[in-house]
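Notes follow the structure.
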Amino acid sequence: MAKHSATSTKRAATSTSTSSASADDGTTLTGGIDVGNGYLKGVIRGEVGGEAVFDEIDLPSAVVSTSRSTPKVPLADSDVVAVINGGGPGDGDDFYNRLDCSLTSPLVGHTDRRIFGRSALSVRGSKFTEFEVLGKRSKADQELSAVLVLGVFAAKALRDYVAAHGVLPERDLQVDVRAGLALPISEYVQRRHTFAAEFTGSQSGARPIVHSVTIKNFSTPVTVRLRFIDVQVLAEGASAQFAITDKGEPLAQALLDDLRASDPDPLPEGITAADLVDVRNTIGVDVGEGTVNFPVFTDGRFNAEAAITLEQGYGTALMNAMERMSESDKQLAFTSRKQLADFLQQRPSVLQRGRYNRARDFVEDEARYLVAEIASRFADVVAQAGATTEVVYVYGGGSGPIKHLLRPALQQVAGDIPVLYLDARYSRHLNREGLYIAARHVEQFASREQRGERSARRRAKVSA
């Protein structure tokens with residue numbers, strides 16, 4: 001996929017495409033945004049100079065709000081190219097992890113400045129916001145969902161404009177958005193239509209909503225006006241399995257190679273990538289930070305009756321571990337579960353190793369309780385799905401840290417059904433890929449319809 005780089009950022013002639021990065025004609029972005037309780041993973045396609053440009057996004061699902069309307073020391077406008085293109089995807093120093101903006105939208109109650117991503121973990125502000133993982137409040141009802149989605153699309157629009165022109169825009173950017181979003185299975189069943197309509201404004205025939213995001217990283221603020229022309233809402237976990245199917249044999253072969261190298265036992269003799277692509281009866285175990293989703297596919301179709309959500313996740317173990325740390329080890333002071341998760345994901349220095357090992361042990365103790373709950377609910381799903389199940393996929397951002405505990409627990413329940421534990425390098429991104437695929441398919445269908453209408457009008461003129 002084409003990606004932004006500092007060397008490719010330059011002034012470019014305005015594309016005649018409807019999705020060009022032009023302040024006059026507007027721009028169209030298509031993206032899949034997996035807003036997890038712990039991390040947002042996204043992929044957004046834009047266009048610069050007639051070429052499709054993809055941004056891969058990975059940032060903590062957290063923001064810091066402040067009543068100060070502008071940064072104390074905003075960045076110079078002349079530095080925009082270096083700042084916009086600084087860092088690489090997922091390295092914690094990309095523009096998405098430093099986004100500083102305010103939002104005006106029916107989905108957002110206050111216009112306070114918000115600082116995104118890893119910057120939010122270390123910047124002082126009036127309020128730190130992350131998703132609730134211990135309560136029963138729907139993710140669809142938490143304002144943070146909308147804040148994160150609007151913010152990353154606005155950041156992408158600015159990145160594309162700067163890539164095309166090399167400077168900040170002199171006027172508001174007008175952006176049409178096609179998005180694939182996800183909800184936990186339990187919320188998807190009840191809320192998918194209303195959740196989509198909150199972005200598009202399509203309820204009761206209302207006019208499309210315009211959501212304004214003002215980016216304040218630089219001396220000159222930039223306002224991006226977003227209009228969602230289509231929102232596809234999928235069930236978490238189900239979107240990941242769409243991605244596995246869509247990517248076909250190349251991804252299936254990569255899965256098999258990884259599995260044979262690290263964990264060959266669960267694979268039947270002679271299984272091929274084509275066999276894996278052809279399976280139609282599957283169970284997924286999508287381990288997130290606040291939930292574990294169990295999507296079930298029966299004869300190739302999502303089975304909402306058998307699929308369930310466990311209202312716990314890896315973040316539950318992190319929160320419980322933090323509570324125990326505060327009681328028994330005062331040196332292990334973390335301001336949020338994000339900070340603890342980030343600490344455990346990094347290789348510790350020699351001076352950090354003792355604290356790292358103690359923190360890891362606290363979390364592992366709590367993870368054992370989580371794994372027991374997952375295995376229990378998984379047993380219920382296996383019983384409901386029946387003996388036709390061909391394979392179990394395990395994936396999600398929370399699956400990696402607990403693999404050594406969860407993998408044997410699931411296989412014990414599954415019996416002779418293969419449990420394929422996907423590598424964390426790509427498993428945590430499968431949902432975003434599936435969501436992008438959903439948004440792209442609707443976009444392609446709409447494009448074919450438009451071409452058909454134009455052809456019909458031309459034929460009508462000729463016959464007249």
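To be explicit about the labels: the chains of the structure tokens are called A, B, and onward in the order shown, and within each one the residues are counted from 1, while ligands get numbers from 1 in the order they are shown.
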For segment 420-426 of chain A, list every protein, DNA or RNA residue within 9 Å, evaluated using only C-alpha atoms, and leave out those in the same chain fewer than 5 positions away; present the list as a CSV table (one decimal) with N, CA and C atoms, in the first residue's frame.
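What landed in result-v2.csv:
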chain,number,residue,atom,x,y,z
A,255,LEU,N,-0.7,-17.6,7.7
A,255,LEU,CA,-1.1,-18.1,9.0
A,255,LEU,C,-0.6,-19.5,9.2
A,256,LEU,N,-0.7,-20.4,8.2
A,256,LEU,CA,-0.2,-21.7,8.3
A,256,LEU,C,1.3,-21.8,8.6
A,258,ASP,N,3.2,-19.5,10.0
A,258,ASP,CA,3.4,-19.1,11.4
A,258,ASP,C,3.0,-20.2,12.4
A,259,LEU,N,1.9,-20.8,12.1
A,259,LEU,CA,1.4,-21.8,13.1
A,259,LEU,C,2.2,-23.0,13.1
A,263,ASP,N,3.5,-23.6,16.6
A,263,ASP,CA,2.5,-24.4,17.3
A,263,ASP,C,1.9,-25.4,16.4
A,266,PRO,N,-2.0,-28.3,16.6
A,266,PRO,CA,-3.4,-28.3,16.3
A,266,PRO,C,-3.8,-28.5,14.8
A,267,LEU,N,-2.8,-28.5,14.0
A,267,LEU,CA,-3.1,-28.6,12.5
A,267,LEU,C,-3.3,-30.0,12.0
A,391,VAL,N,-13.0,-24.9,12.4
A,391,VAL,CA,-11.8,-24.3,12.9
A,391,VAL,C,-12.2,-23.2,13.9
A,392,VAL,N,-11.3,-22.9,14.8
A,392,VAL,CA,-11.4,-21.8,15.7
A,392,VAL,C,-10.3,-20.8,15.5
A,393,TYR,N,-10.6,-19.5,15.3
A,393,TYR,CA,-9.5,-18.5,15.1
A,393,TYR,C,-9.5,-17.7,16.4
A,394,VAL,N,-8.3,-17.4,16.9
A,394,VAL,CA,-8.1,-16.6,18.1
A,394,VAL,C,-7.2,-15.4,17.6
A,395,TYR,N,-7.7,-14.2,17.9
A,395,TYR,CA,-7.1,-13.0,17.5
A,395,TYR,C,-7.5,-11.8,18.4
A,396,GLY,N,-7.1,-10.6,18.0
A,396,GLY,CA,-7.4,-9.4,18.8
A,396,GLY,C,-6.2,-8.9,19.6
A,397,GLY,N,-6.2,-7.6,19.9
A,397,GLY,CA,-5.1,-7.0,20.6
A,397,GLY,C,-4.8,-7.6,22.0
A,399,SER,N,-5.1,-10.8,22.8
A,399,SER,CA,-4.8,-12.2,22.7
A,399,SER,C,-3.3,-12.5,22.9
A,400,GLY,N,-2.5,-11.6,22.4
A,400,GLY,CA,-1.0,-11.9,22.5
A,400,GLY,C,-0.5,-12.1,23.9
A,403,LYS,N,-1.5,-15.5,25.5
A,403,LYS,CA,-1.5,-16.7,24.6
A,403,LYS,C,-1.1,-18.0,25.4
A,407,ARG,N,-4.3,-20.3,25.0
A,407,ARG,CA,-4.3,-21.3,23.9
A,407,ARG,C,-4.6,-22.7,24.4
Residues of segment 130-214 of chain A within 10 Å of segment 291-300 of chain A: nearest atom pair and distance (Å, one decimal) for each, counting only C-alpha atoms, sorted by chain and number, as a tab-separated table?
residue	atom	partner	partner_atom	distance
A:Val133	CA	A:Thr291	CA	7.8
A:Leu134	CA	A:Thr291	CA	9.9
A:Leu183	CA	A:Asn293	CA	9.9
A:Pro184	CA	A:Asn293	CA	6.6
A:Ile185	CA	A:Asn293	CA	6.5
A:Ser186	CA	A:Asn293	CA	8.7
Check which residues of segment 196-225 of chain A sit at most 12 Å from segment 110-120 of chain A using only C-alpha atoms, and return one row each with the closest pair of atoms and their distance in Å to one decimal, ordered by chain and rising number, as CSV.
residue,atom,partner,partner_atom,distance
A:His211,CA,A:Thr111,CA,11.8
A:Ser212,CA,A:Thr111,CA,10.2
A:Val213,CA,A:Thr111,CA,9.5
A:Thr214,CA,A:Arg113,CA,9.1
A:Ile215,CA,A:Arg113,CA,9.2
A:Lys216,CA,A:Arg113,CA,8.4
A:Asn217,CA,A:Ile115,CA,9.5
A:Pro221,CA,A:Arg113,CA,12.0
query: In Å, with one decimal, what is the gap from atom CA of Val63 of chain A to atom CA of Thr223 of chain A?
result: 19.0 Å
Contact residues around Phe153 of chain A with only C-alpha atoms at 12 Å, ignoring same-chain residues under 5 positions, as a PDB file with N, CA and C atoms, in the first residue's frame:
ATOM      1  N   THR A  27     -12.679  16.386  -0.714  1.00  0.00           N
ATOM      2  CA  THR A  27     -11.959  15.125  -0.788  1.00  0.00           C
ATOM      3  C   THR A  27     -12.846  14.020  -0.257  1.00  0.00           C
ATOM      4  N   THR A  28     -12.590  12.800  -0.695  1.00  0.00           N
ATOM      5  CA  THR A  28     -13.325  11.647  -0.208  1.00  0.00           C
ATOM      6  C   THR A  28     -12.344  10.688   0.451  1.00  0.00           C
ATOM      7  N   LEU A  29     -12.661  10.249   1.634  1.00  0.00           N
ATOM      8  CA  LEU A  29     -11.838   9.296   2.366  1.00  0.00           C
ATOM      9  C   LEU A  29     -12.665   8.043   2.627  1.00  0.00           C
ATOM     10  N   THR A  30     -12.033   6.889   2.504  1.00  0.00           N
ATOM     11  CA  THR A  30     -12.677   5.612   2.801  1.00  0.00           C
ATOM     12  C   THR A  30     -11.823   4.881   3.820  1.00  0.00           C
ATOM     13  N   GLY A  31     -12.429   4.501   4.943  1.00  0.00           N
ATOM     14  CA  GLY A  31     -11.615   3.904   5.992  1.00  0.00           C
ATOM     15  C   GLY A  31     -12.341   2.879   6.828  1.00  0.00           C
ATOM     16  N   GLY A  32     -11.560   1.984   7.400  1.00  0.00           N
ATOM     17  CA  GLY A  32     -12.046   1.054   8.411  1.00  0.00           C
ATOM     18  C   GLY A  32     -11.411   1.409   9.734  1.00  0.00           C
ATOM     19  N   ILE A  33     -12.218   1.711  10.724  1.00  0.00           N
ATOM     20  CA  ILE A  33     -11.733   2.178  12.030  1.00  0.00           C
ATOM     21  C   ILE A  33     -12.231   1.226  13.107  1.00  0.00           C
ATOM     22  N   GLY A  42      -6.748   1.570  12.611  1.00  0.00           N
ATOM     23  CA  GLY A  42      -7.486   2.016  11.433  1.00  0.00           C
ATOM     24  C   GLY A  42      -6.643   1.976  10.182  1.00  0.00           C
ATOM     25  N   VAL A  43      -7.332   1.935   9.048  1.00  0.00           N
ATOM     26  CA  VAL A  43      -6.705   2.136   7.749  1.00  0.00           C
ATOM     27  C   VAL A  43      -7.640   3.032   6.944  1.00  0.00           C
ATOM     28  N   ILE A  44      -7.079   4.126   6.401  1.00  0.00           N
ATOM     29  CA  ILE A  44      -7.867   5.099   5.647  1.00  0.00           C
ATOM     30  C   ILE A  44      -7.199   5.337   4.301  1.00  0.00           C
ATOM     31  N   ARG A  45      -8.013   5.283   3.245  1.00  0.00           N
ATOM     32  CA  ARG A  45      -7.512   5.556   1.905  1.00  0.00           C
ATOM     33  C   ARG A  45      -7.941   6.939   1.459  1.00  0.00           C
ATOM     34  N   GLY A  46      -6.974   7.717   1.018  1.00  0.00           N
ATOM     35  CA  GLY A  46      -7.238   8.991   0.379  1.00  0.00           C
ATOM     36  C   GLY A  46      -6.597   8.993  -0.991  1.00  0.00           C
ATOM     37  N   ASP A  55      -3.181   5.319   4.909  1.00  0.00           N
ATOM     38  CA  ASP A  55      -2.574   5.549   6.227  1.00  0.00           C
ATOM     39  C   ASP A  55      -3.005   4.421   7.158  1.00  0.00           C
ATOM     40  N   GLU A  56      -2.042   3.811   7.818  1.00  0.00           N
ATOM     41  CA  GLU A  56      -2.319   2.819   8.850  1.00  0.00           C
ATOM     42  C   GLU A  56      -2.177   3.501  10.201  1.00  0.00           C
ATOM     43  N   ILE A  57      -3.187   3.352  11.046  1.00  0.00           N
ATOM     44  CA  ILE A  57      -3.285   4.130  12.282  1.00  0.00           C
ATOM     45  C   ILE A  57      -3.324   3.192  13.473  1.00  0.00           C
ATOM     46  N   TYR A  96      -0.980  11.151  14.099  1.00  0.00           N
ATOM     47  CA  TYR A  96      -2.208  10.739  14.769  1.00  0.00           C
ATOM     48  C   TYR A  96      -2.012  10.664  16.288  1.00  0.00           C
ATOM     49  N   LEU A  99      -2.127  14.386  17.582  1.00  0.00           N
ATOM     50  CA  LEU A  99      -3.211  15.261  17.145  1.00  0.00           C
ATOM     51  C   LEU A  99      -3.739  16.103  18.304  1.00  0.00           C
ATOM     52  N   ALA A 146     -16.956   8.614  19.182  1.00  0.00           N
ATOM     53  CA  ALA A 146     -17.096   9.615  18.122  1.00  0.00           C
ATOM     54  C   ALA A 146     -15.878  10.523  18.043  1.00  0.00           C
ATOM     55  N   VAL A 147     -15.345  10.929  19.193  1.00  0.00           N
ATOM     56  CA  VAL A 147     -14.182  11.807  19.213  1.00  0.00           C
ATOM     57  C   VAL A 147     -13.020  11.183  18.444  1.00  0.00           C
ATOM     58  N   LEU A 148     -12.753   9.911  18.695  1.00  0.00           N
ATOM     59  CA  LEU A 148     -11.625   9.246  18.044  1.00  0.00           C
ATOM     60  C   LEU A 148     -11.855   9.091  16.545  1.00  0.00           C
ATOM     61  N   LEU A 158      -5.978  16.337   6.507  1.00  0.00           N
ATOM     62  CA  LEU A 158      -4.906  17.331   6.533  1.00  0.00           C
ATOM     63  C   LEU A 158      -3.608  16.740   5.993  1.00  0.00           C
ATOM     64  N   ARG A 159      -3.296  15.510   6.358  1.00  0.00           N
ATOM     65  CA  ARG A 159      -2.077  14.867   5.856  1.00  0.00           C
ATOM     66  C   ARG A 159      -2.085  14.791   4.327  1.00  0.00           C
ATOM     67  N   ASP A 160      -3.219  14.423   3.760  1.00  0.00           N
ATOM     68  CA  ASP A 160      -3.301  14.338   2.305  1.00  0.00           C
ATOM     69  C   ASP A 160      -3.155  15.707   1.656  1.00  0.00           C
ATOM     70  N   LEU A 173     -11.265  22.517   4.953  1.00  0.00           N
ATOM     71  CA  LEU A 173     -11.268  21.339   4.097  1.00  0.00           C
ATOM     72  C   LEU A 173     -12.638  20.676   4.167  1.00  0.00           C
ATOM     73  N   GLN A 174     -13.218  20.393   3.009  1.00  0.00           N
ATOM     74  CA  GLN A 174     -14.521  19.733   2.925  1.00  0.00           C
ATOM     75  C   GLN A 174     -14.284  18.266   2.594  1.00  0.00           C
ATOM     76  N   VAL A 175     -14.778  17.366   3.430  1.00  0.00           N
ATOM     77  CA  VAL A 175     -14.438  15.954   3.298  1.00  0.00           C
ATOM     78  C   VAL A 175     -15.700  15.094   3.357  1.00  0.00           C
ATOM     79  N   ASP A 176     -15.855  14.225   2.361  1.00  0.00           N
ATOM     80  CA  ASP A 176     -16.872  13.179   2.408  1.00  0.00           C
ATOM     81  C   ASP A 176     -16.212  11.900   2.907  1.00  0.00           C
ATOM     82  N   VAL A 177     -16.908  11.187   3.776  1.00  0.00           N
ATOM     83  CA  VAL A 177     -16.318  10.017   4.434  1.00  0.00           C
ATOM     84  C   VAL A 177     -17.194   8.787   4.213  1.00  0.00           C
ATOM     85  N   ARG A 178     -16.533   7.690   3.844  1.00  0.00           N
ATOM     86  CA  ARG A 178     -17.150   6.367   3.870  1.00  0.00           C
ATOM     87  C   ARG A 178     -16.409   5.566   4.929  1.00  0.00           C
ATOM     88  N   ALA A 179     -17.141   5.049   5.903  1.00  0.00           N
ATOM     89  CA  ALA A 179     -16.485   4.421   7.052  1.00  0.00           C
ATOM     90  C   ALA A 179     -17.067   3.050   7.345  1.00  0.00           C
ATOM     91  N   HIS A 211     -19.696  17.470  10.670  1.00  0.00           N
ATOM     92  CA  HIS A 211     -18.924  17.458  11.903  1.00  0.00           C
ATOM     93  C   HIS A 211     -17.649  18.260  11.661  1.00  0.00           C
ATOM     94  N   SER A 212     -17.397  19.266  12.485  1.00  0.00           N
ATOM     95  CA  SER A 212     -16.230  20.130  12.300  1.00  0.00           C
ATOM     96  C   SER A 212     -15.137  19.770  13.305  1.00  0.00           C
ATOM     97  N   VAL A 213     -13.924  19.595  12.789  1.00  0.00           N
ATOM     98  CA  VAL A 213     -12.754  19.319  13.620  1.00  0.00           C
ATOM     99  C   VAL A 213     -11.720  20.391  13.313  1.00  0.00           C
ATOM    100  N   THR A 214     -11.330  21.149  14.324  1.00  0.00           N
ATOM    101  CA  THR A 214     -10.326  22.195  14.137  1.00  0.00           C
ATOM    102  C   THR A 214      -9.001  21.712  14.711  1.00  0.00           C
ATOM    103  N   ILE A 215      -8.035  21.509  13.828  1.00  0.00           N
ATOM    104  CA  ILE A 215      -6.718  21.008  14.223  1.00  0.00           C
ATOM    105  C   ILE A 215      -5.852  22.175  14.660  1.00  0.00           C
ATOM    106  N   VAL A 224     -11.503  21.098   9.507  1.00  0.00           N
ATOM    107  CA  VAL A 224     -11.893  20.050   8.572  1.00  0.00           C
ATOM    108  C   VAL A 224     -13.368  19.748   8.819  1.00  0.00           C
ATOM    109  N   ARG A 225     -14.153  19.837   7.755  1.00  0.00           N
ATOM    110  CA  ARG A 225     -15.595  19.614   7.866  1.00  0.00           C
ATOM    111  C   ARG A 225     -15.921  18.249   7.251  1.00  0.00           C
ATOM    112  N   LEU A 226     -16.368  17.334   8.110  1.00  0.00           N
ATOM    113  CA  LEU A 226     -16.590  15.949   7.716  1.00  0.00           C
ATOM    114  C   LEU A 226     -18.076  15.678   7.503  1.00  0.00           C
ATOM    115  N   ARG A 227     -18.388  15.030   6.386  1.00  0.00           N
ATOM    116  CA  ARG A 227     -19.756  14.586   6.124  1.00  0.00           C
ATOM    117  C   ARG A 227     -19.707  13.094   5.820  1.00  0.00           C
ATOM    118  N   PHE A 228     -20.363  12.294   6.645  1.00  0.00           N
ATOM    119  CA  PHE A 228     -20.363  10.841   6.462  1.00  0.00           C
ATOM    120  C   PHE A 228     -21.479  10.473   5.478  1.00  0.00           C
TER     121      PHE A 228
END
- request: Return as a PyMOL selection string the full set of residues in segment 149-303 of chain A whose backbone-based DSSP assignment is strand (DSSP E).
  value: chain A and resi 173-183+210-215+222-235+282-287+292-294+296-298+301-302
- request: Within segment 332-426 of chain A, find each residue whose DSSP state, derived from the backbone, is alpha helix (DSSP H), and express the selection as a ChimeraX atom specification.
  value: /A:337-345,353-385,403-414,424-426
- prompt: Separation of atom CA of Leu430 of chain A and atom CA of Ser61 of chain A, in Å?
  reply: 17.2 Å
Give me the segment 92-191 of chain A side of the contact with segment 335-352 of chain A, cut-off 9 Å, one line per residue showing its nearest atom pair and distance in Å at one decimal, counting only C-alpha atoms, sorted by chain and residue number, as JSON lines.
{"residue": "A:Leu121", "atom": "CA", "partner": "A:Gln339", "partner_atom": "CA", "distance": 6.6}
{"residue": "A:Ser122", "atom": "CA", "partner": "A:Gln339", "partner_atom": "CA", "distance": 8.9}
{"residue": "A:Glu130", "atom": "CA", "partner": "A:Lys338", "partner_atom": "CA", "distance": 8.5}
Restricting it to N, CA and C atoms, dump the selection as a tab-separated table (two decimals), in the first residue's frame.
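Below you can see part_10.tsv, which holds the result:
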chain	number	residue	atom	x	y	z
A	121	LEU	N	-1.06	10.20	27.04
A	121	LEU	CA	-0.60	9.44	28.20
A	121	LEU	C	0.41	10.21	29.03
A	122	SER	N	0.97	11.29	28.47
A	122	SER	CA	2.04	12.00	29.18
A	122	SER	C	1.81	13.50	29.30
A	130	GLU	N	-10.68	7.55	28.92
A	130	GLU	CA	-10.53	6.27	28.24
A	130	GLU	C	-11.84	5.52	28.38
message: Please compute the atom CA of Ile283 of chain A-atom CA of Ala383 of chain A distance, one decimal, in Å.
response: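 Result for atom CA of Ile283 of chain A versus atom CA of Ala383 of chain A: 11.3 Å, one decimal.
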message: Nearest residue to Glu143 of chain A out of A:Ala62, A:Asp172, A:Val189, A:Ser447, using only C-alpha atoms?
response: A:Ala62
message: Which residues are close to segment 69-84 of chain A, i.e. within 8 Å by only C-alpha atoms, leaving aside same-chain residues fewer than 4 positions away? Reply as a list in words.
response: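 Result of the neighbour search: Ala6, Thr9, Asp94, Phe95, Asp112, Arg113, Arg159, Val162, Ala163, Gly166, Val167, Leu168, Lys216, Asn217, Phe218, Ser219 and Thr220 of chain A.
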message: Using only C-alpha atoms, which protein or nucleic acid residues come within 12 Å of Glu323 of chain A? Drop anything in the same chain fewer than 3 positions from it, and give the result as a PyMOL selection string.
response: chain A and resi 316-320+326-330+332-337+340+359+362-363+366
query: Which neighbours of Ala196 of chain A fall inside 12 Å, counting only C-alpha atoms, when residues of the same chain fewer than 5 positions from it are skipped, and could you give them as a PyMOL selection string?
result: chain A and resi 107+140+146+178-183+188+191+201-203+208-209+228-234
